[in-house]
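S.K.: The structure's right below; bear with me while I get my questions together.
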Amino acid sequence: MQTKFKNSGHIGHLRFSAFVPAHSVNGYFSDDAGLNEALRLFKASKISKVYMDCLRGGHFPGEEVLIKARDFFNSNGIETSAGLTPTNGTGKASTHGRWWLCFTSQKTQEELEGIVRRTAKIFDEIIVDDFLCTFCHCSECDSARGDKDWGGYYRDLLAQLAKDRIINPARNENPNIKVIIKYPQWYDRFHVFGYDVEHHPKNFDEVWVGTEIRDPLIEYVHQYQAFANYSWLASISGDKIGGGWFDFINCYPEIYVEQAVQSILAGARELIRFHYDTDLYSPENPNTKALLETIPRLEKLAELLDNHKPEGIAFYKPIDSDGEDEAYLLDYLGMLGLPIVPCHTFPDTAKSLCLPIQAVDDPEIVEKTLAFVEKGGTVMMTPGFIQKLAYDERILRLAGYANPPITPLDIWAFKFSVKQSSAEAESHIRFQANLHPITAEVLASAIHNKGNVPVLTRNRYGNGKAIVFNAKTFRYPDGSGRVTVGEPVSLPNMPQAIVDLLRAEMLSDFPFNVNVRSRVGVYFYSDILVLTNFDNQSVHATISLKDQRFDQAKNLVTDSILGEWREGKLNIEIPRRDFVVLKSVISNQLSASDNFEAKEEI
Ligand SMILES: [Zn+2]
């Protein structure tokens with residue numbers, strides 16, 4: 001029926017794919033001229049696979065146009081697959097959420113299954129787009145949920161519906177079919193609106209990830225969220241992780257390319273570009289043009305990172321855990337230049353670990369944390385984490401804090417005291433917690449006329465140490481239907497002196513450290529280090545290795561010389577909105593020179 005896929009998921013070379021919404025399938029693929037133009041634009045954009053949407057807004061393009069387009073693209077060397085987008089227009093609409101459906105409704109379920117069956121007869125693969133979620137409060141949903149809270153009801157409903165109305169009927173029609181779930185980008189809200197991350201990755205054949213960060217000034221989402229979302233879902237999905245998916249919405253060239261870079265850094269090797277439109281895919285379109293110019297470097301990046309997984313500081317977010325007033329904190333820690341590895345189970349073997357409020361969902365969190373630090377680990381706890389566990393004296397002793405450890409406040413500060421020096425932020429930073437350390441050492445404080453507020457504290461404990469970082473983000477109001485970041489967060493304004501200190505504490509057991517201002521992402525892959533500059537100006541970074549080293553440092557994706565290592569230190573400039581890749585970090589098995597030689601042979 002179709003060309004079989006040679007590669008899938010996070011392995012192999014970098015590949016680009018196009019997604020064509022259901023109405024556009026008819027609009028563009030109904031005649032030979034449209035098909036030929038699409039083929040020309042796909043070839044120009046190095047597109048090797050096209051996903052044709054078979055449902056959107058209740059619209060099914062029809063067997064005739066789909067089969068003709070499928071055969072046309074396959075015969076021209078382009079793989080084909082189906083999309084499925086259950087939005088308003090199919091069955092019954094959700095009472096809340098403009099595009100969403102009421103999935104309790106039998107009408108919705110039956111119509112969806114009908115389209116799934118028709119699609120599965122045409123394609124060997126279906127990817128379900130973002131809309132397997134709901135916020136319907138209709139009386140039918142309310143009585144069906146019984147004693148469950150809304151989020152729990154939606155998750156159970158959609159896990160069951162995915163099996164009964166999508167996966168099983170598709171397999172029934174086509175035993176060879178691969179059924180994929182694509183998650184949106186908003187990982188810290190999945191559990192509220194029915195995105196089940198426990199059962200879907202088990203039931204679907206692959207898991208794909210939305211990395212559509214878009215313009216941070218418009219949507220308040222920072223670039224690191226693409227990496228965070230992909231990496232957290234990858235920790236849950238294992239080998240089932242597929243690829244990344246981003247779009248043109250609220251994009252300009254730099255951010256459009258950054259979506260691709262963050263996807264690749266997190267592990268994606270196939271990138272779906274939503275959505276096909278002749279203007280958007282024109283090589284003259286500013287976003288497409290910027291991407292096409294960057295593709296050779298992106299291919300090189302993917303090649304260098306083949307068989308490499310991100311390493312670094314673990315961030316523990318259990319399945320279905322809520323961020324409360326630390327929503328999306330992971331994004332901001334990444335923007336402060338911490339190389340983060342999100343995980344959904346307690347990372348016993350990590351060297352360094354962030355424990356946000358979400359981690360309290362683990363009923364054994366206190367015992368696990370104490371054991372982790374006693375044997376030599378570094379933990380960074382948030383005010384929310386400590387406050388929730390303040391009833392347990394052991395956590396207060398670990399942090400070196402009084403009881404109560406935290407009291408609320410609401411101040412904005414831009415002057416800081418960092419060890420014995422002072423530092424200024426680029427603009428004001430909001431603090432919503434006062435910290436009360438007793439035995440913990442205060443490493444940095446915000447200076448305010450109401451009294452100084454600790455920002456970073458450290459307490460030695462067992463063979464390890466406990467850091468407290470005064471970081472809060474924002475909270476969604478109860479009943480909010482918002483999914484993406486709710487408001488601007490000031491944490492990325494943190495002065496470099498504080499982020500350097502935080503990074504140095506968290507990386508004290510790693511073979512490297514980086515000194516660089518915030519809004520620079522740091523990514524670590526055992527023997528490769530990547531720095532991405534999200535700033536609109538070039539930035540200076542100093543990379544330090546624990547071992548001595550004297551040689552030239554190259555940017556591996558461009559072969560340009562970045563500078564000279566001197567006694568294990570390297571000073572570099574990272575151009576604005578750009579990234580550098582270094583094979584500089586010493587792995588556990590190899591000495592610096594061995595490692596350098598070994599990598600040279602690639
Ligand atoms: Zn309903």
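Naming works like this for the structure tokens: A, B, ... for the chains as they're shown, residue 1 at the start of each chain, ligands 1 onward in shown order.
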Which of range 294-417 of chain A end up as strand (DSSP E or B) when DSSP is run on this backbone - answer as an MDAnalysis selection string?
M.R.: chainID A and resid 311 313:316 340:343 352:355 378:381 401:417
S.K.: Please identify all protein, DNA and RNA residues within 12 Å of ligand 1, counting only C-alpha atoms and all ligand atoms, and report them as JSON, numbers by chain.
M.R.: {"A": [91, 92, 93, 94, 95, 96, 97, 100, 101, 102, 103, 104, 105, 106, 107, 108, 109, 133, 134, 135, 136, 137, 138, 139, 140, 141, 142, 143, 144, 145, 150, 153, 154, 157]}
S.K.: Per residue of range 263-358 of chain A within 12 Å of range 559-582 of chain A, note the shortest atom pair and the distance in Å to one decimal, counting only C-alpha atoms, and order the rows by chain and increasing residue number, as JSON lines.
M.R.:
```
{"residue": "A:Leu265", "atom": "CA", "partner": "A:Val581", "partner_atom": "CA", "distance": 10.7}
{"residue": "A:Thr294", "atom": "CA", "partner": "A:Asp578", "partner_atom": "CA", "distance": 10.4}
{"residue": "A:Arg297", "atom": "CA", "partner": "A:Phe579", "partner_atom": "CA", "distance": 10.0}
{"residue": "A:Leu298", "atom": "CA", "partner": "A:Phe579", "partner_atom": "CA", "distance": 10.4}
{"residue": "A:Lys300", "atom": "CA", "partner": "A:Val581", "partner_atom": "CA", "distance": 10.1}
{"residue": "A:Leu301", "atom": "CA", "partner": "A:Val581", "partner_atom": "CA", "distance": 7.9}
{"residue": "A:Ala302", "atom": "CA", "partner": "A:Val581", "partner_atom": "CA", "distance": 11.2}
{"residue": "A:Glu303", "atom": "CA", "partner": "A:Val581", "partner_atom": "CA", "distance": 11.9}
{"residue": "A:Leu304", "atom": "CA", "partner": "A:Val581", "partner_atom": "CA", "distance": 8.9}
{"residue": "A:Leu305", "atom": "CA", "partner": "A:Val581", "partner_atom": "CA", "distance": 10.0}
```
S.K.: Write a file of the selected residues as a short mmCIF file (atom, residue, chain, number, x, y, z; two decimals), in the first residue's frame, keeping C-alpha atoms.
M.R.:
```cif
data_model
loop_
_atom_site.label_atom_id
_atom_site.label_comp_id
_atom_site.auth_asym_id
_atom_site.auth_seq_id
_atom_site.Cartn_x
_atom_site.Cartn_y
_atom_site.Cartn_z
CA LEU A 265 18.96 18.78 21.09
CA THR A 294 20.38 26.42 8.63
CA ARG A 297 24.20 22.88 10.35
CA LEU A 298 21.13 21.15 11.77
CA LYS A 300 25.55 18.18 11.32
CA LEU A 301 24.16 18.74 14.83
CA ALA A 302 21.94 15.66 14.52
CA GLU A 303 24.87 13.62 13.23
CA LEU A 304 27.12 14.71 16.12
CA LEU A 305 24.42 13.85 18.65
#
```
S.K.: From the set A:Glu173, A:Asp547, A:Glu324, A:Glu270, which residue has the shortest atom-to-atom contact distance to Pro511 in chain A, counting only C-alpha atoms?
M.R.: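 Distance minimum relative to Pro511 in chain A lands on A:Asp547.
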S.K.: Residues of range 297-329 of chain A classed as alpha helix (DSSP H) by DSSP on the backbone are to be reported as number ranges by chain.
M.R.: A: 297-304, 329
S.K.: Report, in Å with one decimal, the straight-line distance from CA of Phe131 in chain A to CA of Tyr183 in chain A.
M.R.: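 It comes out at 8.6 Å.
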S.K.: Set the distance at 12 Å and use only C-alpha atoms: which residues neighbour Phe227 in chain A once local chain neighbours fewer than 6 positions away are removed? I'd like the list as a VMD selection string.
M.R.: chain A and resid 185 to 187 209 to 213 221 233 to 234 243 to 245 258 to 268 310 330 to 335 339 to 342 521 to 523 532
S.K.: Would you export the selected residues with N, CA and C atoms as a short mmCIF file (atom, residue, chain, number, x, y, z; two decimals), in the first residue's frame, please?
M.R.:
```cif
data_model
loop_
_atom_site.label_atom_id
_atom_site.label_comp_id
_atom_site.auth_asym_id
_atom_site.auth_seq_id
_atom_site.Cartn_x
_atom_site.Cartn_y
_atom_site.Cartn_z
N GLN A 185 2.56 21.17 23.47
CA GLN A 185 3.76 21.59 24.18
C GLN A 185 3.52 21.77 25.69
N TRP A 186 2.26 21.87 26.10
CA TRP A 186 1.96 22.36 27.46
C TRP A 186 1.98 21.26 28.52
N TYR A 187 3.17 20.68 28.75
CA TYR A 187 3.33 19.50 29.59
C TYR A 187 2.86 19.68 31.04
N VAL A 209 6.00 14.86 19.93
CA VAL A 209 6.04 15.97 20.87
C VAL A 209 5.93 17.32 20.17
N GLY A 210 5.03 18.15 20.66
CA GLY A 210 4.92 19.52 20.18
C GLY A 210 6.07 20.35 20.71
N THR A 211 6.80 20.98 19.81
CA THR A 211 7.93 21.84 20.21
C THR A 211 7.71 23.24 19.66
N GLU A 212 6.40 23.61 19.57
CA GLU A 212 6.02 24.89 18.95
C GLU A 212 6.05 26.02 19.98
N ILE A 213 7.26 26.48 20.31
CA ILE A 213 7.38 27.48 21.37
C ILE A 213 6.88 28.87 20.95
N VAL A 221 6.08 31.89 26.29
CA VAL A 221 6.74 30.59 26.39
C VAL A 221 8.20 30.78 25.99
N LEU A 233 8.62 13.85 28.09
CA LEU A 233 7.84 12.80 27.43
C LEU A 233 8.75 11.64 27.00
N ALA A 234 9.98 11.95 26.64
CA ALA A 234 10.93 10.89 26.26
C ALA A 234 11.25 10.02 27.47
N GLY A 243 9.14 11.97 17.10
CA GLY A 243 9.84 13.16 16.63
C GLY A 243 9.21 14.42 17.19
N GLY A 244 9.63 15.56 16.63
CA GLY A 244 9.14 16.85 17.08
C GLY A 244 8.24 17.49 16.02
N TRP A 245 7.45 18.43 16.45
CA TRP A 245 6.44 19.05 15.58
C TRP A 245 6.34 20.50 15.95
N GLU A 258 14.97 28.17 16.06
CA GLU A 258 15.21 27.68 17.43
C GLU A 258 14.30 26.51 17.78
N GLN A 259 13.09 26.48 17.22
CA GLN A 259 12.19 25.35 17.45
C GLN A 259 12.84 24.06 16.94
N ALA A 260 13.48 24.16 15.77
CA ALA A 260 14.15 22.98 15.21
C ALA A 260 15.35 22.60 16.05
N VAL A 261 16.14 23.59 16.48
CA VAL A 261 17.36 23.30 17.25
C VAL A 261 17.01 22.62 18.57
N GLN A 262 16.00 23.18 19.28
CA GLN A 262 15.62 22.60 20.57
C GLN A 262 15.09 21.17 20.40
N SER A 263 14.37 20.93 19.31
CA SER A 263 13.85 19.58 19.05
C SER A 263 15.00 18.60 18.86
N ILE A 264 15.99 19.00 18.10
CA ILE A 264 17.13 18.11 17.82
C ILE A 264 17.95 17.87 19.09
N LEU A 265 18.18 18.93 19.85
CA LEU A 265 18.96 18.78 21.09
C LEU A 265 18.28 17.80 22.04
N ALA A 266 16.94 17.78 22.03
CA ALA A 266 16.21 16.88 22.93
C ALA A 266 16.18 15.46 22.39
N GLY A 267 16.48 15.26 21.10
CA GLY A 267 16.53 13.90 20.57
C GLY A 267 15.75 13.66 19.30
N ALA A 268 14.94 14.63 18.84
CA ALA A 268 14.12 14.41 17.65
C ALA A 268 14.98 14.32 16.40
N PRO A 310 20.74 13.50 26.30
CA PRO A 310 21.09 14.59 27.21
C PRO A 310 21.40 14.06 28.61
N LEU A 330 10.54 24.28 35.19
CA LEU A 330 11.59 23.62 34.41
C LEU A 330 12.07 24.49 33.25
N ASP A 331 11.15 25.15 32.57
CA ASP A 331 11.53 26.00 31.43
C ASP A 331 12.53 27.08 31.87
N TYR A 332 12.24 27.66 33.06
CA TYR A 332 13.04 28.81 33.51
C TYR A 332 14.40 28.38 34.02
N LEU A 333 14.47 27.19 34.65
CA LEU A 333 15.77 26.68 35.08
C LEU A 333 16.65 26.44 33.86
N GLY A 334 16.03 25.97 32.78
CA GLY A 334 16.78 25.80 31.53
C GLY A 334 17.23 27.14 30.96
N MET A 335 16.38 28.15 31.06
CA MET A 335 16.75 29.48 30.55
C MET A 335 17.87 30.10 31.39
N PRO A 339 21.85 22.59 32.69
CA PRO A 339 21.60 21.47 31.76
C PRO A 339 20.69 20.44 32.44
N ILE A 340 19.42 20.46 32.07
CA ILE A 340 18.41 19.69 32.81
C ILE A 340 18.04 18.41 32.07
N VAL A 341 17.81 17.37 32.84
CA VAL A 341 17.26 16.12 32.30
C VAL A 341 15.96 15.84 33.06
N PRO A 342 14.81 16.16 32.46
CA PRO A 342 13.54 15.90 33.17
C PRO A 342 13.32 14.39 33.33
N GLY A 521 21.11 28.57 26.87
CA GLY A 521 20.86 27.17 27.24
C GLY A 521 22.17 26.39 27.22
N VAL A 522 22.31 25.48 28.20
CA VAL A 522 23.51 24.63 28.27
C VAL A 522 23.04 23.18 28.19
N TYR A 523 23.64 22.41 27.30
CA TYR A 523 23.21 21.03 27.04
C TYR A 523 24.46 20.15 27.06
N THR A 532 23.29 27.38 23.57
CA THR A 532 22.41 28.11 22.65
C THR A 532 22.15 29.50 23.22
#
```
S.K.: Could you tell me which of A:Ser24, A:Gln160, A:Thr288, A:Asn203 comes closest to Lys46 in chain A if we count only C-alpha atoms?
M.R.: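 So, comparing all the options, the nearest one is A:Thr288.
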S.K.: Using CA of Ile313 in chain A and CA of Asn459 in chain A as the two end points, give the distance in Å to one decimal.
M.R.: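 These atoms are spaced 18.3 Å apart.
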S.K.: To one decimal in Å, tell me the separation between CA of Ala423 in chain A and CA of Leu501 in chain A.
M.R.: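 Between CA of Ala423 in chain A and CA of Leu501 in chain A the gap is 12.2 Å.
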S.K.: Which residue is closest to Phe372 in chain A? Choose from A:Lys465, A:His13, A:Lys419, A:Arg40 and count only C-alpha atoms.
M.R.: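 Of the candidates, the smallest distance to Phe372 in chain A is held by A:Lys465.
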S.K.: Considering only C-alpha atoms, state which residue in the set A:Ala44, A:Val25, A:Leu217, A:Val514 is at the smallest distance from Glu63 in chain A.
M.R.: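 Going through A:Ala44, A:Val25, A:Leu217, A:Val514 one by one, the smallest distance to Glu63 in chain A is for A:Val25.
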S.K.: Which residue out of A:Lys554, A:Lys351, A:His448, A:Arg503 has the minimum interatomic distance to Leu529 in chain A when only C-alpha atoms are used?
M.R.: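 The closest residue to Leu529 in chain A is A:Lys554.
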S.K.: Which is closer to Val192 in chain A than all the others in A:Arg482, A:His540, A:Lys546, A:Arg70, using only C-alpha atoms?
M.R.: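 Of all the options, A:Arg482 lies closest to Val192 in chain A.
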